[in-house]
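Containing mmCIF, C-alpha atoms: upload_35.cif.
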```cif
data_final
#
loop_
_atom_site.label_atom_id
_atom_site.label_comp_id
_atom_site.auth_asym_id
_atom_site.auth_seq_id
_atom_site.Cartn_x
_atom_site.Cartn_y
_atom_site.Cartn_z
CA MET D 1135 -21.97 54.06 -10.99
CA ALA D 1136 -22.66 50.58 -9.71
CA GLU D 1137 -22.76 50.12 -5.98
CA LYS D 1138 -19.66 48.53 -4.44
CA ILE D 1139 -19.18 46.20 -1.51
CA GLU D 1140 -16.05 45.11 0.33
CA ILE D 1141 -14.95 41.50 0.51
CA ILE D 1142 -11.69 39.81 1.47
CA VAL D 1143 -9.83 37.91 -1.23
CA ASN D 1144 -6.68 36.04 -0.18
CA GLY D 1145 -6.49 38.15 2.95
CA LYS D 1146 -6.82 41.49 1.15
CA GLN D 1147 -9.75 43.96 1.21
CA THR D 1148 -11.23 44.12 -2.28
CA LYS D 1149 -14.10 46.17 -3.71
CA ILE D 1150 -16.50 44.45 -6.08
CA SER D 1151 -19.92 45.10 -7.58
CA THR D 1152 -22.92 44.06 -5.48
CA THR D 1153 -24.20 41.61 -8.08
CA TRP D 1154 -21.14 39.44 -8.53
CA THR D 1155 -20.88 35.69 -8.22
CA ILE D 1156 -17.64 33.76 -7.65
CA GLU D 1157 -17.52 33.18 -11.41
CA ASP D 1158 -17.51 36.97 -11.99
CA LEU D 1159 -14.75 37.46 -9.46
CA VAL D 1160 -12.56 34.71 -10.89
CA GLN D 1161 -13.11 36.11 -14.39
CA ASP D 1162 -12.26 39.61 -13.25
CA LEU D 1163 -9.00 38.30 -11.76
CA ASP D 1164 -8.25 36.62 -15.07
CA LEU D 1165 -7.91 33.20 -13.46
CA VAL D 1166 -10.59 31.24 -15.31
CA GLY D 1167 -8.23 29.18 -17.43
CA ASN D 1168 -6.01 28.37 -14.45
CA GLN D 1169 -6.24 25.33 -12.28
CA VAL D 1170 -7.43 27.07 -9.13
CA ALA D 1171 -9.62 26.07 -6.20
CA VAL D 1172 -11.93 28.47 -4.39
CA GLU D 1173 -12.86 28.51 -0.75
CA PHE D 1174 -15.84 30.69 0.21
CA ASN D 1175 -16.18 31.48 3.92
CA GLY D 1176 -14.32 28.27 4.73
CA GLN D 1177 -16.27 26.05 2.32
CA ILE D 1178 -14.87 24.79 -0.97
CA ILE D 1179 -17.04 25.77 -3.93
CA SER D 1180 -16.54 23.50 -6.92
CA ARG D 1181 -16.05 25.11 -10.31
CA ASP D 1182 -19.51 24.19 -11.59
CA ARG D 1183 -21.08 26.08 -8.70
CA TRP D 1184 -19.12 29.32 -9.19
CA PRO D 1185 -21.88 30.95 -11.30
CA GLU D 1186 -24.50 30.17 -8.65
CA GLN D 1187 -22.69 31.52 -5.63
CA PRO D 1188 -23.35 35.24 -5.01
CA VAL D 1189 -20.72 37.20 -3.12
CA GLY D 1190 -21.85 39.58 -0.38
CA ALA D 1191 -20.24 42.21 1.82
CA GLY D 1192 -17.68 40.80 4.24
CA ASP D 1193 -17.38 37.39 2.55
CA ARG D 1194 -13.94 35.80 2.75
CA ILE D 1195 -12.61 34.12 -0.35
CA GLU D 1196 -9.42 32.15 -0.81
CA ILE D 1197 -8.16 31.32 -4.27
CA VAL D 1198 -5.35 28.75 -4.35
CA HIS D 1199 -3.29 26.94 -6.93
CA PHE D 1200 -0.30 24.62 -7.09
CA VAL D 1201 3.23 25.89 -6.68
CA GLY D 1202 6.55 24.10 -6.60
CA GLY D 1203 6.88 22.22 -3.36
CA GLY D 1204 8.53 19.24 -1.91
CA GLU D 1205 9.24 18.73 1.66
CA GLU D 1206 8.30 21.94 3.44
CA ASP D 1207 7.46 25.66 2.99
CA ARG D 1208 4.41 27.25 4.54
CA CYS D 1209 0.77 26.55 3.97
CA LEU D 1210 -2.07 29.06 4.01
CA THR D 1211 -2.60 30.86 7.25
CA SER D 1212 -6.04 30.50 8.75
CA MET Y 615 12.17 -5.97 -15.79
CA SER Y 616 8.83 -5.48 -14.11
CA ASP Y 617 9.51 -4.10 -10.68
CA LYS Y 618 7.03 -1.32 -10.34
CA LEU Y 619 6.04 0.75 -7.38
CA VAL Y 620 2.35 0.02 -6.83
CA VAL Y 621 0.56 2.42 -4.53
CA ALA Y 622 -2.96 3.88 -4.30
CA GLY Y 623 -4.00 1.62 -7.18
CA GLN Y 624 -1.44 3.13 -9.55
CA GLU Y 625 1.77 1.74 -11.00
CA PHE Y 626 4.94 3.74 -11.30
CA GLY Y 627 7.95 2.64 -13.33
CA SER Y 628 10.28 4.66 -11.09
CA ARG Y 629 10.70 4.34 -7.35
CA LEU Y 630 11.99 7.90 -7.13
CA ILE Y 631 9.46 10.60 -6.26
CA VAL Y 632 10.62 14.18 -6.61
CA GLY Y 633 9.52 17.53 -5.26
CA THR Y 634 9.09 20.60 -7.44
CA GLY Y 635 10.18 23.29 -4.95
CA LYS Y 636 13.32 25.39 -4.63
CA TYR Y 637 14.38 25.36 -8.28
CA GLU Y 638 15.90 28.57 -9.63
CA SER Y 639 13.61 28.41 -12.65
CA PHE Y 640 10.83 26.29 -14.11
CA GLU Y 641 13.21 25.32 -16.93
CA VAL Y 642 15.79 23.85 -14.53
CA MET Y 643 12.97 22.04 -12.74
CA ARG Y 644 11.66 20.65 -16.01
CA GLN Y 645 15.12 19.35 -16.95
CA ALA Y 646 15.61 17.83 -13.50
CA LEU Y 647 12.22 16.07 -13.61
CA GLU Y 648 13.12 14.75 -17.04
CA SER Y 649 16.49 13.32 -16.04
CA SER Y 650 15.22 11.93 -12.72
CA GLY Y 651 13.00 9.47 -14.59
CA ALA Y 652 10.35 10.09 -11.91
CA GLU Y 653 6.68 9.68 -12.75
CA PHE Y 654 5.33 10.98 -9.46
CA VAL Y 655 5.94 14.56 -8.28
CA THR Y 656 4.89 16.56 -5.24
CA VAL Y 657 3.38 20.02 -5.46
CA ALA Y 658 2.27 22.50 -2.81
CA VAL Y 659 -1.04 24.35 -2.46
CA ARG Y 660 -0.74 28.11 -1.99
CA ARG Y 661 -2.72 31.31 -2.39
CA VAL Y 662 -2.65 32.78 -5.89
CA ASN Y 663 -0.62 36.00 -5.85
CA LEU Y 664 -3.24 38.51 -6.96
CA THR Y 665 -0.89 41.48 -7.13
CA ASP Y 666 1.60 39.80 -9.44
CA LYS Y 667 -0.21 37.48 -11.79
CA SER Y 668 2.56 37.69 -14.38
CA LYS Y 669 4.18 34.69 -12.75
CA GLU Y 670 3.87 31.58 -14.82
CA SER Y 671 1.93 28.65 -13.47
CA LEU Y 672 3.80 25.57 -12.28
CA LEU Y 673 1.42 23.30 -14.13
CA ASP Y 674 2.43 24.84 -17.46
CA HIS Y 675 5.78 23.13 -16.91
CA ILE Y 676 4.64 19.69 -15.83
CA ASP Y 677 3.27 17.33 -18.45
CA ARG Y 678 0.39 15.72 -16.60
CA SER Y 679 0.16 12.86 -19.06
CA ARG Y 680 3.60 11.77 -17.83
CA PHE Y 681 3.69 12.90 -14.22
CA THR Y 682 1.18 12.09 -11.49
CA LEU Y 683 0.76 14.99 -9.07
CA LEU Y 684 0.95 14.39 -5.35
CA PRO Y 685 -0.38 17.56 -3.67
CA ASN Y 686 1.10 18.08 -0.22
CA THR Y 687 0.02 19.89 2.91
CA ALA Y 688 3.52 21.20 3.54
CA GLY Y 689 3.78 23.92 6.12
CA CYS Y 690 0.58 23.01 7.96
CA TYR Y 691 0.94 22.98 11.73
CA THR Y 692 -2.49 21.68 12.78
CA ALA Y 693 -4.73 18.80 11.68
CA LYS Y 694 -7.40 21.35 10.76
CA ASP Y 695 -5.12 23.32 8.42
CA ALA Y 696 -3.76 20.14 6.85
CA ILE Y 697 -7.28 18.81 6.19
CA ARG Y 698 -8.26 22.15 4.67
CA CYS Y 699 -5.15 22.20 2.50
CA ALA Y 700 -5.79 18.60 1.35
CA ARG Y 701 -9.37 19.42 0.34
CA LEU Y 702 -8.23 22.47 -1.62
CA GLY Y 703 -5.53 20.42 -3.31
CA ARG Y 704 -8.11 17.84 -4.34
CA GLU Y 705 -10.32 20.56 -5.78
CA ALA Y 706 -7.43 22.20 -7.67
CA GLY Y 707 -5.87 19.00 -8.94
CA LEU Y 708 -8.89 16.77 -9.34
CA SER Y 709 -7.08 13.91 -7.64
CA ASN Y 710 -7.60 12.13 -4.34
CA LEU Y 711 -3.92 11.74 -3.57
CA VAL Y 712 -2.42 13.74 -0.74
CA LYS Y 713 0.98 13.78 0.88
CA LEU Y 714 -0.09 14.63 4.38
CA GLU Y 715 2.24 16.71 6.50
CA VAL Y 716 1.42 18.13 9.89
CA ILE Y 717 4.52 19.80 11.21
CA GLY Y 718 5.05 19.87 14.96
CA ASP Y 719 8.21 21.93 15.28
CA GLU Y 720 9.52 24.72 13.13
CA ARG Y 721 13.22 24.15 13.74
CA THR Y 722 13.35 20.45 13.00
CA LEU Y 723 10.21 20.21 10.84
CA PHE Y 724 9.48 16.98 12.66
CA PRO Y 725 5.88 15.81 12.32
CA ASP Y 726 3.19 16.13 14.97
CA ASN Y 727 2.19 12.48 14.90
CA GLU Y 728 -0.90 12.86 17.05
CA ALA Y 729 -2.36 15.47 14.70
CA LEU Y 730 -1.13 13.48 11.69
CA LEU Y 731 -3.06 10.41 12.81
CA GLU Y 732 -6.18 12.50 13.43
CA ALA Y 733 -5.96 14.14 9.99
CA THR Y 734 -5.31 10.75 8.33
CA ARG Y 735 -8.51 9.31 9.84
CA VAL Y 736 -10.59 12.27 8.66
CA LEU Y 737 -9.18 12.26 5.12
CA VAL Y 738 -9.43 8.48 4.68
CA LYS Y 739 -13.16 8.80 5.46
CA GLU Y 740 -13.36 11.39 2.68
CA ASP Y 741 -11.85 8.86 0.23
CA PHE Y 742 -8.43 10.42 0.05
CA PHE Y 743 -5.38 8.27 -0.65
CA VAL Y 744 -3.24 9.47 2.23
CA PHE Y 745 0.58 9.41 2.15
CA PRO Y 746 1.59 10.60 5.63
CA TYR Y 747 5.05 12.06 6.32
CA THR Y 748 6.14 10.74 9.69
CA ASN Y 749 9.03 9.81 11.95
CA ASP Y 750 11.13 6.69 11.50
CA ASP Y 751 9.03 5.06 14.20
CA PRO Y 752 7.51 1.62 13.51
CA VAL Y 753 4.73 2.14 16.07
CA ILE Y 754 3.35 5.31 14.51
CA CYS Y 755 3.76 3.80 11.03
CA LYS Y 756 1.64 0.82 12.10
CA LYS Y 757 -1.02 3.14 13.51
CA LEU Y 758 -1.09 5.15 10.28
CA GLU Y 759 -1.52 1.96 8.29
CA GLU Y 760 -4.39 0.92 10.56
CA ALA Y 761 -5.94 4.37 10.07
CA GLY Y 762 -6.07 3.67 6.34
CA ALA Y 763 -2.97 5.35 4.92
CA VAL Y 764 -2.06 3.89 1.50
CA ALA Y 765 1.67 4.23 2.25
CA VAL Y 766 3.86 5.50 5.05
CA MET Y 767 6.58 8.08 4.51
CA PRO Y 768 9.10 7.97 7.33
CA LEU Y 769 11.89 10.53 7.27
CA GLY Y 770 15.49 9.45 6.80
CA ALA Y 771 16.76 12.64 8.46
CA PRO Y 772 15.30 16.12 8.99
CA ILE Y 773 13.80 17.77 5.90
CA GLY Y 774 16.40 19.58 3.81
CA SER Y 775 19.26 18.44 6.07
CA GLY Y 776 20.98 16.17 3.55
CA LEU Y 777 22.27 14.08 6.45
CA GLY Y 778 21.45 10.75 4.87
CA ILE Y 779 19.71 7.87 6.63
CA GLN Y 780 20.19 8.34 10.38
CA ASN Y 781 18.51 5.20 11.60
CA PRO Y 782 18.61 2.46 8.99
CA ASN Y 783 17.58 -0.16 11.53
CA ASN Y 784 14.29 1.59 12.28
CA LEU Y 785 13.52 1.77 8.58
CA ARG Y 786 14.18 -1.96 8.25
CA ILE Y 787 11.84 -2.62 11.16
CA ILE Y 788 9.17 -0.40 9.54
CA VAL Y 789 9.47 -2.41 6.31
CA GLU Y 790 8.85 -5.58 8.34
CA THR Y 791 6.05 -4.01 10.39
CA VAL Y 792 3.69 -2.55 7.81
CA SER Y 793 2.26 -4.09 4.66
CA VAL Y 794 1.64 -0.79 2.82
CA PRO Y 795 4.52 0.66 0.78
CA VAL Y 796 7.26 2.43 2.72
CA ILE Y 797 8.53 5.55 0.98
CA VAL Y 798 11.40 7.33 2.69
CA ASP Y 799 10.77 11.05 2.66
CA ALA Y 800 13.48 13.58 3.45
CA GLY Y 801 17.12 13.47 4.43
CA VAL Y 802 18.78 12.23 1.24
CA GLY Y 803 21.77 14.43 0.44
CA THR Y 804 23.59 12.60 -2.33
CA ALA Y 805 23.37 9.54 -4.53
CA SER Y 806 24.93 7.10 -2.06
CA ASP Y 807 22.26 8.05 0.51
CA ALA Y 808 19.57 7.11 -1.99
CA THR Y 809 21.23 3.76 -2.69
CA ILE Y 810 21.59 2.98 1.00
CA THR Y 811 17.92 3.85 1.46
CA MET Y 812 16.77 1.49 -1.27
CA GLU Y 813 19.10 -1.30 -0.08
CA LEU Y 814 17.08 -1.36 3.14
CA GLY Y 815 14.15 -2.79 1.19
CA VAL Y 816 11.92 0.26 1.23
CA ASP Y 817 9.57 0.73 -1.72
CA GLY Y 818 10.58 4.21 -2.77
CA VAL Y 819 12.25 7.45 -1.87
CA LEU Y 820 11.06 11.05 -2.11
CA MET Y 821 13.45 13.94 -2.34
CA ASN Y 822 13.46 17.61 -3.23
CA THR Y 823 16.33 19.58 -1.72
CA GLY Y 824 18.92 16.91 -2.55
CA ILE Y 825 18.26 17.56 -6.23
CA ALA Y 826 17.02 21.17 -6.34
CA GLY Y 827 19.80 22.38 -4.03
CA ALA Y 828 22.64 20.69 -5.94
CA LYS Y 829 24.92 22.86 -8.08
CA ASP Y 830 23.66 21.09 -11.19
CA PRO Y 831 20.13 19.82 -10.44
CA PRO Y 832 19.52 17.91 -13.72
CA LYS Y 833 22.83 16.07 -13.26
CA MET Y 834 22.03 15.24 -9.64
CA ALA Y 835 18.57 14.07 -10.71
CA LYS Y 836 20.22 11.59 -13.08
CA ALA Y 837 22.57 10.47 -10.30
CA MET Y 838 19.58 9.91 -8.00
CA LYS Y 839 17.75 7.93 -10.68
CA LEU Y 840 20.72 5.57 -11.07
CA ALA Y 841 21.27 5.40 -7.32
CA VAL Y 842 17.67 4.43 -6.62
CA GLU Y 843 17.77 1.78 -9.35
CA SER Y 844 21.10 0.46 -8.03
CA GLY Y 845 19.91 0.25 -4.46
CA ARG Y 846 16.72 -1.50 -5.48
CA LEU Y 847 18.61 -4.03 -7.61
CA ALA Y 848 21.09 -4.72 -4.83
CA TYR Y 849 18.23 -5.28 -2.40
CA LEU Y 850 16.52 -7.69 -4.79
CA ALA Y 851 19.82 -9.45 -5.56
CA GLY Y 852 20.48 -10.07 -1.84
CA ARG Y 853 23.79 -8.91 -0.44
CA ILE Y 854 26.41 -11.21 1.09
CA PRO Y 855 26.58 -11.40 4.86
CA LYS Y 856 29.17 -9.21 6.58
CA LYS Y 857 32.04 -11.19 8.12
CA LEU Y 858 34.90 -10.15 10.33
CA TYR Y 859 37.61 -12.16 8.53
CA ALA Y 860 38.62 -12.66 4.93
CA THR Y 861 37.23 -15.39 2.69
CA ALA Y 862 39.37 -16.15 -0.35
CA SER Y 863 37.61 -15.65 -3.64
CA SER Y 864 40.13 -17.55 -5.76
CA PRO Y 865 40.12 -21.37 -5.46
CA LEU Y 866 42.54 -22.84 -2.95
CA GLU Y 867 43.03 -26.06 -4.92
CA GLY Y 868 45.99 -26.34 -7.29
CA ILE Y 869 48.06 -23.66 -5.64
CA LEU Y 870 51.71 -24.01 -6.73
CA SER Y 871 53.77 -25.33 -3.90
#
```
Represent the structure from my file as structure tokens, please.
Amino acid sequence: MAEKIEIIVNGKQTKISTTWTIEDLVQDLDLVGNQVAVEFNGQIISRDRWPEQPVGAGDRIEIVHFVGGGEEDRCLTS
Amino acid sequence: MSDKLVVAGQEFGSRLIVGTGKYESFEVMRQALESSGAEFVTVAVRRVNLTDKSKESLLDHIDRSRFTLLPNTAGCYTAKDAIRCARLGREAGLSNLVKLEVIGDERTLFPDNEALLEATRVLVKEDFFVFPYTNDDPVICKKLEEAGAVAVMPLGAPIGSGLGIQNPNNLRIIVETVSVPVIVDAGVGTASDATITMELGVDGVLMNTGIAGAKDPPKMAKAMKLAVESGRLAYLAGRIPKKLYATASSPLEGILS
């Protein structure tokens, strides 16, 4: 069995394989075709760099998209 | 008639900008966008829900060849969070437009103008086209313009309140004070509010709750479309001065005596 590490995706503890890149994670979450943006430890990683960015234990990843919004609601929490 | 809203280097045939929040379904939203005649719509940036991915995506219901997206930083309470949200919105939407909100108070949703100005300066340096949501205060609007905002978006009344324009005189002063477009954001409750707003000479009006919260949102969207057009036309036509006493409109000559 492949070794697993823990990372945090959208605030939740998640176990992934040690060899994954952001591209692998986004694919695993079935979000590749969606218009999403990825933040990796506070830095935005553009789509073309997803395959190059390895994910290691303890990394924090935020995956965001557009939702209906007008004048208010709540943004991401830091 | 060529009377377009020109902002951030783009032309819009409608002066009504609508939000996409609070609709009971994507279908109702789609119908409301359609009947509003708007070409410019706001969207919010949020975490993808990873536990329930069955939810459809908003963008499946907005034809991007017809509607320009204006990502907002709604719900951000610090300049840092708003800047972060703006950058993520740019990455997700591949557009440099941002409706910048930095909220200073949860109960009134009034902006934190100090943080707003700070965030505007940072984002302008990063080549964003910044549309800041602010108070109906000519001084802060001028400062935002000087900081490089492409438009200013003063509120007509608190967000979602539907109170209508509370301080029309301030909005008129803002129109005279800044040279960037003035787009009134928030406070419109019904069609007459939208007309009154446009009669002040502002360049556009943004609303969400006034349409999405109506009993029949597509019908209200149509009402708002007509109201915005009416108000704009009346402004361009130039209203008569208000007078205390009557002035006869039928000729006085030839009256039977």
For chain Y against chain D, which residues fall within 9 Å using all atoms listed in the file, given as a VMD selection string? chain Y and resid 632 to 637 640 655 to 664 667 671 to 673 685 to 691 695 to 696 698 to 699 701 to 707 715 717 723 773 to 774 799 to 800 820 to 823
Determine the residue set returned by the PyMOL selection byres ((chain Y and resi 806-817) around 9) for the present structure, and present it as JSON, numbers by chain. {"Y": [619, 620, 629, 770, 776, 777, 778, 779, 782, 783, 785, 786, 788, 789, 795, 796, 797, 798, 801, 802, 803, 804, 805, 818, 819, 838, 839, 840, 841, 842, 843, 844, 845, 846, 847, 848, 849, 850, 853]}
Identify which of the residues D:Gly1190, D:Arg1183, D:Gly1167, D:Ile1195 lies closest to D:Glu1137, counting only C-alpha atoms when measuring atom-to-atom distances.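 Comparing D:Gly1190, D:Arg1183, D:Gly1167, D:Ile1195 against D:Glu1137, the winner is D:Gly1190.
What separates atom CA of Y:Phe743 from atom CA of Y:Val794 is a distance of 12.0 Å.
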Which residues are close to Y:Val764, i.e. within 10 Å by only C-alpha atoms, leaving aside same-chain residues fewer than 6 positions away? Reply as number ranges by chain. Y: 621-623, 711, 738, 742-746, 758, 793-796
With C-alpha atoms retained, write the just-selected residues as an mmCIF file, in the frame of the given file.
```cif
data_model
loop_
_atom_site.group_PDB
_atom_site.id
_atom_site.type_symbol
_atom_site.label_atom_id
_atom_site.label_comp_id
_atom_site.auth_asym_id
_atom_site.auth_seq_id
_atom_site.Cartn_x
_atom_site.Cartn_y
_atom_site.Cartn_z
ATOM 1 C CA VAL Y 621 0.560 2.420 -4.530
ATOM 2 C CA ALA Y 622 -2.960 3.880 -4.300
ATOM 3 C CA GLY Y 623 -4.000 1.620 -7.180
ATOM 4 C CA LEU Y 711 -3.920 11.740 -3.570
ATOM 5 C CA VAL Y 738 -9.430 8.480 4.680
ATOM 6 C CA PHE Y 742 -8.430 10.420 0.050
ATOM 7 C CA PHE Y 743 -5.380 8.270 -0.650
ATOM 8 C CA VAL Y 744 -3.240 9.470 2.230
ATOM 9 C CA PHE Y 745 0.580 9.410 2.150
ATOM 10 C CA PRO Y 746 1.590 10.600 5.630
ATOM 11 C CA LEU Y 758 -1.090 5.150 10.280
ATOM 12 C CA SER Y 793 2.260 -4.090 4.660
ATOM 13 C CA VAL Y 794 1.640 -0.790 2.820
ATOM 14 C CA PRO Y 795 4.520 0.660 0.780
ATOM 15 C CA VAL Y 796 7.260 2.430 2.720
#
```
List the residues sitting within 10 Å of (-1.2, 10.4, 14.8) in the file's frame, using all atoms listed in the file, as JSON, numbers by chain. {"Y": [693, 716, 725, 726, 727, 728, 729, 730, 731, 732, 733, 734, 735, 746, 748, 754, 755, 757, 758, 761]}
Quick one: residues within 9 Å of D:Ile1139, all atoms listed in the file counted, chain neighbours fewer than 5 positions away excluded, as a PDB file with C-alpha atoms, in the frame of the given file?
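Written file, out_22.pdb:
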```pdb
ATOM      1  CA  THR D1148     -11.230  44.120  -2.280  1.00  0.00           C
ATOM      2  CA  LYS D1149     -14.100  46.170  -3.710  1.00  0.00           C
ATOM      3  CA  ILE D1150     -16.500  44.450  -6.080  1.00  0.00           C
ATOM      4  CA  SER D1151     -19.920  45.100  -7.580  1.00  0.00           C
ATOM      5  CA  THR D1152     -22.920  44.060  -5.480  1.00  0.00           C
ATOM      6  CA  GLY D1190     -21.850  39.580  -0.380  1.00  0.00           C
ATOM      7  CA  ALA D1191     -20.240  42.210   1.820  1.00  0.00           C
ATOM      8  CA  GLY D1192     -17.680  40.800   4.240  1.00  0.00           C
TER       9      GLY D1192
END
```
Pairwise distance for atom CA of D:Pro1185 and atom CA of D:Gln1147, rounded to one decimal in Å: 21.7 Å
Could you work out how far atom CA of Y:Val792 lies from atom CA of Y:Lys756, giving the answer in Å with one decimal? 5.8 Å
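Among the candidates Y:Asp741, Y:Leu708, Y:Pro772, Y:Ile697, the residue lying nearest to Y:Phe724 is Y:Pro772 (atoms considered: all atoms listed in the file).
Residue nearest D:Asp1193, chosen from D:Val1166, D:Ile1141, D:Gln1161, D:Trp1154 and counting only C-alpha atoms: D:Ile1141.
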Apply the PyMOL selection byres ((chain D and resi 1186) around 9) to the displayed file and report the matching residues as a VMD selection string. chain D and resid 1155 to 1157 1182 to 1185 1187 to 1188
Determine the axis-aligned bounding box of all atoms of stretch 1163-1169 of chain D present in the file, pad each side by 3 Å, and express its centre and edge lengths in Å to one decimal place as lines of an AutoDock Vina configuration file.
```
center_x = -8.3
center_y = 31.8
center_z = -14.6
size_x = 10.6
size_y = 19.0
size_z = 11.7
```
